[in-house]
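Chemist: To start, I am sharing the structure in question, which I have written as structure tokens.
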Amino acid sequence: MISIANPRAVTEPVAAETAAASGRGGPELCVVVPTFNERDNVDILIQRLDRALQGIDWEVVFVDDDSPDGTAQHVRALAERDRRTRCIRRIGRRGLSSACIEGMLSTSAPLIAVIDGDLQHDESLLPRMRDTLKQQVGREDTADVVIASRYVASGSPEGLSSDRRKRLSVFGARLARRLVKADVADSVSGFFMLRRELLDEVAPRLSGIGTKILIDILASATRPLRVVELPYRFRPRDRGQSKLDAFTKIEYLLLLAEKLSHRYFPHRMLLFGIVGATGIIVNLAVLRLLLIVSDMGFTAAESIATLVAMISNFFLNNMLTYRDCRLVGWQAVRGLVSFMALCGLGALVNIAVAGDVYLLTDMWLVAGIAGAAVGALLNYALTSIFTWGRRP
Ligand SMILES: Nc1nc2c(ncn2[C@@H]2O[C@H](COP(=O)(O)OP(=O)(O)O)[C@@H](O)[C@H]2O)c(=O)[nH]1
Ligand SMILES: [Mg+2]
């Protein structure tokens with residue numbers, strides 16, 4: 001009779017031996033595809049990957065933010081028949097960059113590509129991107145990142161839907177060049193390939209805000225990177241719609257600000273500050289209005305004005321600062337109550353700090369600014385944790 005004291009001690013070497021004997025470990029290349037409402041494009045993309053990646057051991061990971069059109073369910077059904085296909089379904093979350101990060105972190109493949117799910121990127125470039133990453137340049141130097149570029153010789157940004165978007169894209173790439181530790185023409189490209197070591201190196205410093213994941217990666221590196229750009233033609237979108245909106249540009253500027261400040265000013269803190277400033281305007285406007293149209297006393301008018309400003313701040317923060325994890329339905333009601341309670345606490349601390357500073361300095365302006373600053377920081381930190389469940 002055979003007795004096994006520690007079953008793991010037996011099964012692990014056996015599993016490793018089996019993998020080694022078959023000559024196949026995990027895949028060599030992982031293609032990460034962020035998706036939101038791209039159901040109709042999934043089958044075509046997989047077919048095209050299959051054709052383009054003949055002879056390469058690859059997998060594809062769709063990272064879907066619970067698209068209402070059922071993209072995730074569709075991918076999962078395909079994955080039941082094809083083990084090269086995987087799906088990460090994120091619930092209550094939005095964001096292209098953060099989706100790419102989660103997809104990239106989910107694989108064991110040594111090479112990782114990111115490609116849009118709307119067929120605008122030319123997947124036939126993938127084998128050349130892989131060869132470039134595997135190639136020896138000089139003695140032992142190999143490229144860290146290969147970018148499919150619209151702005152190097154014979155590349156084309158044709159698929160950008162308007163001249164304005166083309167100009168913005170060129171301007172965005174120029175702005176980013178100051179930040180990136182490499183000479184890159186198209187650092188806002190959404191189509192690139194890198195080695196897993198680079199991802200592991202930069203992962204703790206990634207911001208994950210907005211849509212420009214490549215800049216996030218390049219600007220998070222602590223050493224000069226070897227970047228190769230390959231030209232390609234950015235195709236127009238056939239099916240579905242672009243998900244980018246007016247706020248995408250603001251997110252891009254916030255990403256640059258966060259990177260330039262070496263993350264001393266996280267994008268959420270900046271947005272929370274901007275929303276706070278709008279709150280002062282709302283407060284004053286409502287106060288003035290109430291004093292003109294009603295005969296209520298100052299205290300009552302100021303109380304209502306403060307309440308309106310708090311509600312407006314909550315909804316603006318929920319829409320903008322925390323748009324990637326927006327609270328909806330009852331969650332939003334609960335969030336509003338906790339936001340108001342925590343901001344009330346912030347106001348008490350503001351008054352106490354301002355009072356103490358006034359006693360010490362006898363300067364009302366300094367006391368007022370000190371109280372407001374401490375109160376605002378406290379509001380930001382507490383609501384971030386308790387209202388939206390995020391790290392400040
Ligand atoms: N997971 C996820 N994917 C997104 C999100 N927004 C856009 N995408 C996907 O990212 C890719 C590029 O987005 P798209 O709207 O086409 O951007 P454009 O090509 O620059 O107009 C597409 O595959 C989209 O489905 C998002 O919030 N979450
Ligand atoms: Mg697109």
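Just remember, in the structure tokens the first chain shown is A, the second B, etc., residues are 1-based per chain, and ligands are 1-based in the order shown.
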Excluding segment 143-145 of chain A and residues on its chain fewer than 4 positions from it, collect all residues at most 8 Å away from it, counting only C-alpha atoms, and give them as a list in words.

Modeler: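 Within the cut-off, the hits are Thr132, Leu133, Lys134, Gln135, Val137, Phe192, Met193, Leu194, Arg195, Leu198, Leu225, Arg226, Val227 and Val228 of chain A.
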
Chemist: At a cut-off of 6 Å around ligand 1, and using only C-alpha atoms and all ligand atoms, what residues come up? Please write them as a list in words.

Modeler: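 Counting only C-alpha atoms and all ligand atoms, the residues within 6 Å of ligand 1 come out as Pro34, Thr35, Phe36, Asn37, Glu38, Val63, Asp64, Asp65, Arg94, Gly95, Leu96, Ala99, Asp116, Gly117, Asp118, Ser242, Lys243 and Leu244 of chain A.
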
Chemist: Counting only C-alpha atoms and all ligand atoms, what residues are within 10 Å of ligand 2, given as a ChimeraX atom specification?

Modeler: /A:115-121,159-161,190,234-244

Chemist: Emit the selected residues as a short mmCIF file (atom, residue, chain, number, x, y, z; two decimals), in the first residue's frame, including N, CA and C atoms.

Modeler:
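That gives us result-v3.cif:
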data_model
loop_
_atom_site.label_atom_id
_atom_site.label_comp_id
_atom_site.auth_asym_id
_atom_site.auth_seq_id
_atom_site.Cartn_x
_atom_site.Cartn_y
_atom_site.Cartn_z
N ILE A 115 -3.68 45.71 -27.40
CA ILE A 115 -4.29 46.08 -28.69
C ILE A 115 -5.76 46.41 -28.44
N ASP A 116 -6.30 47.40 -29.15
CA ASP A 116 -7.71 47.75 -28.97
C ASP A 116 -8.61 46.63 -29.49
N GLY A 117 -9.81 46.57 -28.97
CA GLY A 117 -10.74 45.53 -29.39
C GLY A 117 -11.61 45.95 -30.54
N ASP A 118 -11.37 47.13 -31.13
CA ASP A 118 -12.28 47.63 -32.16
C ASP A 118 -11.72 47.46 -33.57
N LEU A 119 -10.67 46.65 -33.70
CA LEU A 119 -10.06 46.30 -34.99
C LEU A 119 -9.36 47.48 -35.67
N GLN A 120 -9.11 48.58 -34.93
CA GLN A 120 -8.43 49.72 -35.55
C GLN A 120 -6.92 49.48 -35.66
N HIS A 121 -6.40 48.61 -34.80
CA HIS A 121 -4.97 48.32 -34.82
C HIS A 121 -4.69 47.13 -35.75
N GLY A 159 -7.13 56.63 -39.03
CA GLY A 159 -8.35 56.23 -38.32
C GLY A 159 -8.84 57.24 -37.31
N LEU A 160 -8.05 58.27 -36.98
CA LEU A 160 -8.55 59.27 -36.05
C LEU A 160 -9.69 60.00 -36.73
N SER A 161 -10.83 60.12 -35.99
CA SER A 161 -12.07 60.45 -36.67
C SER A 161 -12.14 61.89 -37.21
N GLY A 190 -1.98 53.17 -28.54
CA GLY A 190 -2.61 52.17 -27.68
C GLY A 190 -2.22 50.75 -28.09
N PHE A 234 -3.26 53.26 -38.82
CA PHE A 234 -4.36 53.17 -37.85
C PHE A 234 -5.67 53.17 -38.64
N ARG A 235 -6.42 52.03 -38.54
CA ARG A 235 -7.61 51.91 -39.38
C ARG A 235 -8.80 52.68 -38.79
N PRO A 236 -9.74 53.10 -39.64
CA PRO A 236 -10.97 53.69 -39.09
C PRO A 236 -11.80 52.60 -38.41
N ARG A 237 -12.64 53.00 -37.45
CA ARG A 237 -13.51 52.06 -36.75
C ARG A 237 -14.68 51.67 -37.64
N ASP A 238 -14.97 50.35 -37.80
CA ASP A 238 -16.10 49.90 -38.61
C ASP A 238 -17.36 49.76 -37.79
N ARG A 239 -17.22 49.05 -36.64
CA ARG A 239 -18.39 48.75 -35.81
C ARG A 239 -18.25 49.41 -34.45
N GLY A 240 -19.38 49.72 -33.84
CA GLY A 240 -19.37 50.27 -32.48
C GLY A 240 -18.90 51.72 -32.48
N GLN A 241 -18.81 52.27 -31.27
CA GLN A 241 -18.49 53.69 -31.15
C GLN A 241 -17.30 53.91 -30.26
N SER A 242 -16.59 55.04 -30.48
CA SER A 242 -15.49 55.41 -29.59
C SER A 242 -16.07 55.71 -28.21
N LYS A 243 -15.34 55.27 -27.15
CA LYS A 243 -15.85 55.50 -25.79
C LYS A 243 -15.22 56.76 -25.18
N LEU A 244 -14.33 57.39 -25.97
CA LEU A 244 -13.63 58.54 -25.40
C LEU A 244 -14.55 59.76 -25.41
#

Chemist: Which residues come within 7 Å of Val357 of chain A, counting only C-alpha atoms, excluding same-chain residues fewer than 4 positions away, as a compact mmCIF listing (two decimals) with C-alpha atoms, in the first residue's frame?

Modeler:
# COMPACT_ATOMS: atom_id res chain seq x y z
CA VAL A 353 -7.26 74.51 13.57
CA THR A 361 -0.42 84.36 14.95
CA ALA A 367 -5.52 81.08 10.22

Chemist: Have a look at A:Gly55, A:Gly279, A:Gly103, A:Gly26 and name the one nearest to Arg90 of chain A; count only C-alpha atoms.

Modeler: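 Under the stated criterion, the closest residue is A:Gly103.
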